Amino acid sequence: MHIRATTWSKLGLLPFILGALLLYSQPALAHSRVEVGPYVIIVGWRAEPAIVGERNALVIEILDQDDNPVTGVDGTMDLEVEYGGRTFRSNLSATPTDGYYTAEIFPTVRGQYAVHLFGFIEDEDVDVVVEPEEVFDASRIQFPEVAPAARDLQADIATLQADLQAARTMAYIGLGIGVLGVALAAFSLIRKR
């Protein structure tokens, strides 16, 4: 009887422990968040996961210290997307939703992109770098068969072009030898007469 009471008392604690864990756990967000003075800037992709070769946009949400949306930033802030030593500069475009801004981009390489935001939010100077979720190959979501990657197709085309050029060169050499053979045969016939 004592064993059963202990088991039931442990089971009675289980809902309490699970409830406490649920209260203190936070959902995983794919957006990156940074604080600049009294403002919060949240950066992510419009379509997640971001896929190589698909048009997308960076979505920037700007809130004040009371979680109110901040408007009018599209005229005072810009961004640069950085990857592998290359930079793509864009203006922020306001959306119909207050506090939300976008910058259109067409990611062409998989990996981690960095977003450099700079300018002003009201009187606050902004100069931060944020990393949104990584850009993935399309193979991550392709089903039932994985389509060839654009870079693989480009490599195949380059190989085919090289092979075609080699075949074209051989054809010209063969044509030259054939013309030379006909000329020698004609010369030989004329000489015999």
# chains A, B, ... in the order shown; residues from 1 in each chain; ligands from 1
>>> residues_around(residues="A:His31", least_positions_apart="6", cutoff="10 Å", atoms="only C-alpha atoms", output="PyMOL selection string")
chain A and resi 41-45+48+59-61+130-133
>>> residues_around(residues="A:Met77", least_positions_apart="6", cutoff="10 Å", atoms="only C-alpha atoms", output="tab-separated table (two decimals) with N, CA and C atoms, in the first residue's frame")
chain	number	residue	atom	x	y	z
A	90	SER	N	19.95	47.88	-50.33
A	90	SER	CA	18.53	48.06	-50.64
A	90	SER	C	17.91	49.06	-49.67
A	91	ASN	N	16.87	49.70	-50.15
A	91	ASN	CA	16.08	50.57	-49.28
A	91	ASN	C	15.02	49.74	-48.60
A	92	LEU	N	14.55	50.20	-47.46
A	92	LEU	CA	13.42	49.55	-46.80
A	92	LEU	C	12.14	50.06	-47.44
A	93	SER	N	11.22	49.17	-47.70
A	93	SER	CA	9.91	49.55	-48.24
A	93	SER	C	8.87	49.30	-47.17
A	117	LEU	N	21.91	46.79	-40.95
A	117	LEU	CA	20.92	47.86	-40.91
A	117	LEU	C	21.61	49.13	-40.42
A	118	PHE	N	21.38	50.23	-41.12
A	118	PHE	CA	22.01	51.48	-40.70
A	118	PHE	C	21.11	52.67	-41.06
A	119	GLY	N	21.26	53.72	-40.29
A	119	GLY	CA	20.45	54.92	-40.47
A	119	GLY	C	19.92	55.38	-39.12
A	120	PHE	N	18.66	55.84	-39.12
A	120	PHE	CA	18.07	56.37	-37.89
A	120	PHE	C	16.65	55.86	-37.70
A	121	ILE	N	16.29	55.62	-36.43
A	121	ILE	CA	14.90	55.42	-36.03
A	121	ILE	C	14.60	56.60	-35.13
A	125	ASP	N	20.46	56.51	-33.49
A	125	ASP	CA	21.37	56.05	-34.54
A	125	ASP	C	21.35	54.53	-34.57
A	126	VAL	N	21.22	53.95	-35.77
A	126	VAL	CA	21.18	52.50	-35.94
A	126	VAL	C	22.36	52.06	-36.80
A	127	ASP	N	23.10	51.08	-36.32
A	127	ASP	CA	24.20	50.47	-37.07
A	127	ASP	C	24.43	49.08	-36.49
>>> select_by_dssp(residues="stretch 58-97 of chain A", states="strand (DSSP E)", output="PDB file with N, CA and C atoms, in the first residue's frame")
ATOM      1  N   LEU A  58      13.452  40.177 -47.230  1.00  0.00           N
ATOM      2  CA  LEU A  58      13.728  40.301 -45.805  1.00  0.00           C
ATOM      3  C   LEU A  58      12.603  41.126 -45.206  1.00  0.00           C
ATOM      4  N   VAL A  59      12.089  40.666 -44.085  1.00  0.00           N
ATOM      5  CA  VAL A  59      11.031  41.385 -43.377  1.00  0.00           C
ATOM      6  C   VAL A  59      11.640  41.949 -42.107  1.00  0.00           C
ATOM      7  N   ILE A  60      11.489  43.247 -41.930  1.00  0.00           N
ATOM      8  CA  ILE A  60      12.036  43.923 -40.758  1.00  0.00           C
ATOM      9  C   ILE A  60      10.871  44.512 -39.978  1.00  0.00           C
ATOM     10  N   GLU A  61      10.731  44.087 -38.730  1.00  0.00           N
ATOM     11  CA  GLU A  61       9.693  44.632 -37.852  1.00  0.00           C
ATOM     12  C   GLU A  61      10.389  45.518 -36.829  1.00  0.00           C
ATOM     13  N   ILE A  62       9.865  46.724 -36.640  1.00  0.00           N
ATOM     14  CA  ILE A  62      10.467  47.663 -35.691  1.00  0.00           C
ATOM     15  C   ILE A  62       9.409  48.084 -34.680  1.00  0.00           C
ATOM     16  N   LEU A  63       9.739  47.877 -33.390  1.00  0.00           N
ATOM     17  CA  LEU A  63       8.827  48.189 -32.289  1.00  0.00           C
ATOM     18  C   LEU A  63       9.516  49.129 -31.311  1.00  0.00           C
ATOM     19  N   MET A  77      16.248  54.709 -42.931  1.00  0.00           N
ATOM     20  CA  MET A  77      17.115  53.540 -42.736  1.00  0.00           C
ATOM     21  C   MET A  77      17.295  52.778 -44.037  1.00  0.00           C
ATOM     22  N   ASP A  78      18.475  52.187 -44.204  1.00  0.00           N
ATOM     23  CA  ASP A  78      18.779  51.325 -45.343  1.00  0.00           C
ATOM     24  C   ASP A  78      19.360  50.028 -44.816  1.00  0.00           C
ATOM     25  N   LEU A  79      19.534  49.079 -45.740  1.00  0.00           N
ATOM     26  CA  LEU A  79      20.178  47.834 -45.337  1.00  0.00           C
ATOM     27  C   LEU A  79      21.102  47.351 -46.424  1.00  0.00           C
ATOM     28  N   GLU A  80      22.078  46.565 -46.008  1.00  0.00           N
ATOM     29  CA  GLU A  80      22.971  45.869 -46.918  1.00  0.00           C
ATOM     30  C   GLU A  80      22.944  44.393 -46.544  1.00  0.00           C
ATOM     31  N   VAL A  81      22.767  43.557 -47.546  1.00  0.00           N
ATOM     32  CA  VAL A  81      22.841  42.116 -47.328  1.00  0.00           C
ATOM     33  C   VAL A  81      24.255  41.704 -47.714  1.00  0.00           C
ATOM     34  N   GLU A  82      24.924  40.995 -46.822  1.00  0.00           N
ATOM     35  CA  GLU A  82      26.321  40.620 -47.033  1.00  0.00           C
ATOM     36  C   GLU A  82      26.457  39.100 -47.077  1.00  0.00           C
ATOM     37  N   TYR A  83      27.236  38.625 -48.072  1.00  0.00           N
ATOM     38  CA  TYR A  83      27.510  37.192 -48.174  1.00  0.00           C
ATOM     39  C   TYR A  83      28.817  37.010 -48.939  1.00  0.00           C
ATOM     40  N   ARG A  86      30.570  39.863 -50.683  1.00  0.00           N
ATOM     41  CA  ARG A  86      29.752  40.660 -51.599  1.00  0.00           C
ATOM     42  C   ARG A  86      28.654  41.361 -50.820  1.00  0.00           C
ATOM     43  N   THR A  87      28.220  42.508 -51.365  1.00  0.00           N
ATOM     44  CA  THR A  87      27.216  43.316 -50.684  1.00  0.00           C
ATOM     45  C   THR A  87      26.104  43.696 -51.650  1.00  0.00           C
ATOM     46  N   PHE A  88      24.862  43.613 -51.168  1.00  0.00           N
ATOM     47  CA  PHE A  88      23.681  44.032 -51.924  1.00  0.00           C
ATOM     48  C   PHE A  88      22.967  45.084 -51.085  1.00  0.00           C
ATOM     49  N   ARG A  89      22.880  46.306 -51.605  1.00  0.00           N
ATOM     50  CA  ARG A  89      22.265  47.399 -50.847  1.00  0.00           C
ATOM     51  C   ARG A  89      20.822  47.594 -51.300  1.00  0.00           C
ATOM     52  N   SER A  90      19.947  47.878 -50.333  1.00  0.00           N
ATOM     53  CA  SER A  90      18.528  48.060 -50.637  1.00  0.00           C
ATOM     54  C   SER A  90      17.909  49.063 -49.673  1.00  0.00           C
ATOM     55  N   ASN A  91      16.870  49.704 -50.150  1.00  0.00           N
ATOM     56  CA  ASN A  91      16.076  50.572 -49.283  1.00  0.00           C
ATOM     57  C   ASN A  91      15.016  49.735 -48.597  1.00  0.00           C
ATOM     58  N   SER A  93      11.222  49.167 -47.701  1.00  0.00           N
ATOM     59  CA  SER A  93       9.914  49.547 -48.238  1.00  0.00           C
ATOM     60  C   SER A  93       8.870  49.297 -47.169  1.00  0.00           C
ATOM     61  N   ALA A  94       8.050  50.310 -46.906  1.00  0.00           N
ATOM     62  CA  ALA A  94       6.981  50.158 -45.916  1.00  0.00           C
ATOM     63  C   ALA A  94       5.927  49.197 -46.456  1.00  0.00           C
TER      64      ALA A  94
END
>>> select_by_dssp(residues="stretch 113-187 of chain A", states="helix (DSSP H, G or I)", output="PyMOL selection string")
chain A and resi 138-140+150-187
>>> write_last_selection(atoms="N, CA and C atoms", output="short mmCIF file (atom, residue, chain, number, x, y, z; two decimals), in the first residue's frame")
data_model
loop_
_atom_site.label_atom_id
_atom_site.label_comp_id
_atom_site.auth_asym_id
_atom_site.auth_seq_id
_atom_site.Cartn_x
_atom_site.Cartn_y
_atom_site.Cartn_z
N ALA A 138 17.17 24.09 -52.58
CA ALA A 138 15.80 23.69 -52.86
C ALA A 138 15.57 22.21 -52.58
N SER A 139 16.64 21.42 -52.61
CA SER A 139 16.51 19.97 -52.38
C SER A 139 15.92 19.67 -51.01
N ARG A 140 16.02 20.62 -50.10
CA ARG A 140 15.49 20.42 -48.75
C ARG A 140 13.97 20.22 -48.75
N ALA A 150 20.92 24.52 -60.03
CA ALA A 150 21.28 25.42 -61.14
C ALA A 150 22.78 25.38 -61.40
N ARG A 151 23.58 25.34 -60.35
CA ARG A 151 25.04 25.30 -60.54
C ARG A 151 25.47 24.01 -61.23
N ASP A 152 24.81 22.89 -60.91
CA ASP A 152 25.13 21.62 -61.58
C ASP A 152 24.77 21.71 -63.06
N LEU A 153 23.62 22.31 -63.35
CA LEU A 153 23.22 22.47 -64.75
C LEU A 153 24.19 23.37 -65.50
N GLN A 154 24.65 24.44 -64.86
CA GLN A 154 25.62 25.32 -65.49
C GLN A 154 26.93 24.58 -65.77
N ALA A 155 27.37 23.75 -64.85
CA ALA A 155 28.59 22.97 -65.05
C ALA A 155 28.41 21.99 -66.21
N ASP A 156 27.23 21.34 -66.27
CA ASP A 156 26.95 20.42 -67.37
C ASP A 156 26.94 21.14 -68.71
N ILE A 157 26.35 22.33 -68.75
CA ILE A 157 26.31 23.12 -69.99
C ILE A 157 27.71 23.51 -70.41
N ALA A 158 28.55 23.92 -69.47
CA ALA A 158 29.93 24.29 -69.79
C ALA A 158 30.69 23.09 -70.36
N THR A 159 30.48 21.91 -69.79
CA THR A 159 31.13 20.69 -70.29
C THR A 159 30.65 20.37 -71.70
N LEU A 160 29.34 20.47 -71.92
CA LEU A 160 28.78 20.21 -73.25
C LEU A 160 29.31 21.21 -74.28
N GLN A 161 29.43 22.48 -73.89
CA GLN A 161 29.96 23.48 -74.81
C GLN A 161 31.41 23.17 -75.18
N ALA A 162 32.20 22.73 -74.21
CA ALA A 162 33.59 22.36 -74.50
C ALA A 162 33.64 21.15 -75.43
N ASP A 163 32.78 20.16 -75.18
CA ASP A 163 32.72 18.98 -76.04
C ASP A 163 32.27 19.36 -77.45
N LEU A 164 31.31 20.26 -77.55
CA LEU A 164 30.82 20.71 -78.85
C LEU A 164 31.92 21.44 -79.62
N GLN A 165 32.67 22.26 -78.93
CA GLN A 165 33.78 22.98 -79.58
C GLN A 165 34.83 22.00 -80.09
N ALA A 166 35.13 20.97 -79.30
CA ALA A 166 36.11 19.96 -79.72
C ALA A 166 35.58 19.20 -80.95
N ALA A 167 34.30 18.85 -80.94
CA ALA A 167 33.71 18.14 -82.09
C ALA A 167 33.71 19.03 -83.33
N ARG A 168 33.43 20.31 -83.14
CA ARG A 168 33.43 21.27 -84.26
C ARG A 168 34.84 21.38 -84.85
N THR A 169 35.84 21.43 -84.00
CA THR A 169 37.23 21.51 -84.46
C THR A 169 37.60 20.26 -85.26
N MET A 170 37.20 19.09 -84.74
CA MET A 170 37.48 17.83 -85.46
C MET A 170 36.76 17.81 -86.80
N ALA A 171 35.54 18.33 -86.86
CA ALA A 171 34.79 18.37 -88.13
C ALA A 171 35.51 19.25 -89.14
N TYR A 172 36.02 20.41 -88.70
CA TYR A 172 36.75 21.29 -89.61
C TYR A 172 38.03 20.62 -90.12
N ILE A 173 38.72 19.92 -89.23
CA ILE A 173 39.93 19.20 -89.64
C ILE A 173 39.58 18.12 -90.66
N GLY A 174 38.52 17.37 -90.40
CA GLY A 174 38.08 16.32 -91.33
C GLY A 174 37.66 16.90 -92.66
N LEU A 175 36.95 18.02 -92.63
CA LEU A 175 36.53 18.68 -93.86
C LEU A 175 37.75 19.15 -94.66
N GLY A 176 38.73 19.70 -93.96
CA GLY A 176 39.96 20.16 -94.63
C GLY A 176 40.70 19.00 -95.27
N ILE A 177 40.80 17.88 -94.56
CA ILE A 177 41.48 16.69 -95.10
C ILE A 177 40.71 16.16 -96.31
N GLY A 178 39.37 16.16 -96.23
CA GLY A 178 38.55 15.69 -97.35
C GLY A 178 38.73 16.56 -98.58
N VAL A 179 38.72 17.88 -98.39
CA VAL A 179 38.92 18.80 -99.52
C VAL A 179 40.31 18.60 -100.10
N LEU A 180 41.30 18.43 -99.26
CA LEU A 180 42.67 18.19 -99.72
C LEU A 180 42.74 16.88 -100.51
N GLY A 181 42.05 15.85 -100.05
CA GLY A 181 42.04 14.55 -100.76
C GLY A 181 41.38 14.67 -102.12
N VAL A 182 40.26 15.39 -102.20
CA VAL A 182 39.58 15.58 -103.50
C VAL A 182 40.48 16.38 -104.43
N ALA A 183 41.14 17.39 -103.90
CA ALA A 183 42.02 18.21 -104.74
C ALA A 183 43.19 17.38 -105.26
N LEU A 184 43.76 16.53 -104.40
CA LEU A 184 44.86 15.66 -104.85
C LEU A 184 44.38 14.66 -105.89
N ALA A 185 43.19 14.11 -105.70
CA ALA A 185 42.64 13.15 -106.68
C ALA A 185 42.40 13.84 -108.02
N ALA A 186 41.84 15.05 -107.99
CA ALA A 186 41.59 15.79 -109.23
C ALA A 186 42.91 16.13 -109.91
N PHE A 187 43.88 16.54 -109.15
CA PHE A 187 45.19 16.86 -109.70
C PHE A 187 45.83 15.62 -110.33
#
>>> atom_distance(atom1="atom CA of A:Val36", atom2="atom CA of A:Val128")
8.1 Å
>>> residues_around(residues="A:Glu104", least_positions_apart="2", cutoff="7 Å", atoms="only C-alpha atoms", output="list in words")
Asn56, Ala57, Leu58 and Thr102 of chain A
>>> residues_around(residues="A:Phe106", least_positions_apart="6", cutoff="10 Å", atoms="only C-alpha atoms", output="list of chain:residue names")
A:Ala50, A:Ile51, A:Val52, A:Gly53, A:Glu54, A:Arg55, A:Asn56, A:Ala57
>>> write_last_selection(atoms="C-alpha atoms", output="tab-separated table (two decimals), in the first residue's frame")
chain	number	residue	atom	x	y	z
A	50	ALA	CA	14.51	30.75	-47.51
A	51	ILE	CA	15.42	28.72	-50.60
A	52	VAL	CA	18.18	29.30	-53.17
A	53	GLY	CA	16.78	30.46	-56.50
A	54	GLU	CA	13.40	31.58	-55.15
A	55	ARG	CA	12.37	35.21	-54.89
A	56	ASN	CA	12.03	36.29	-51.29
A	57	ALA	CA	12.23	39.37	-49.11
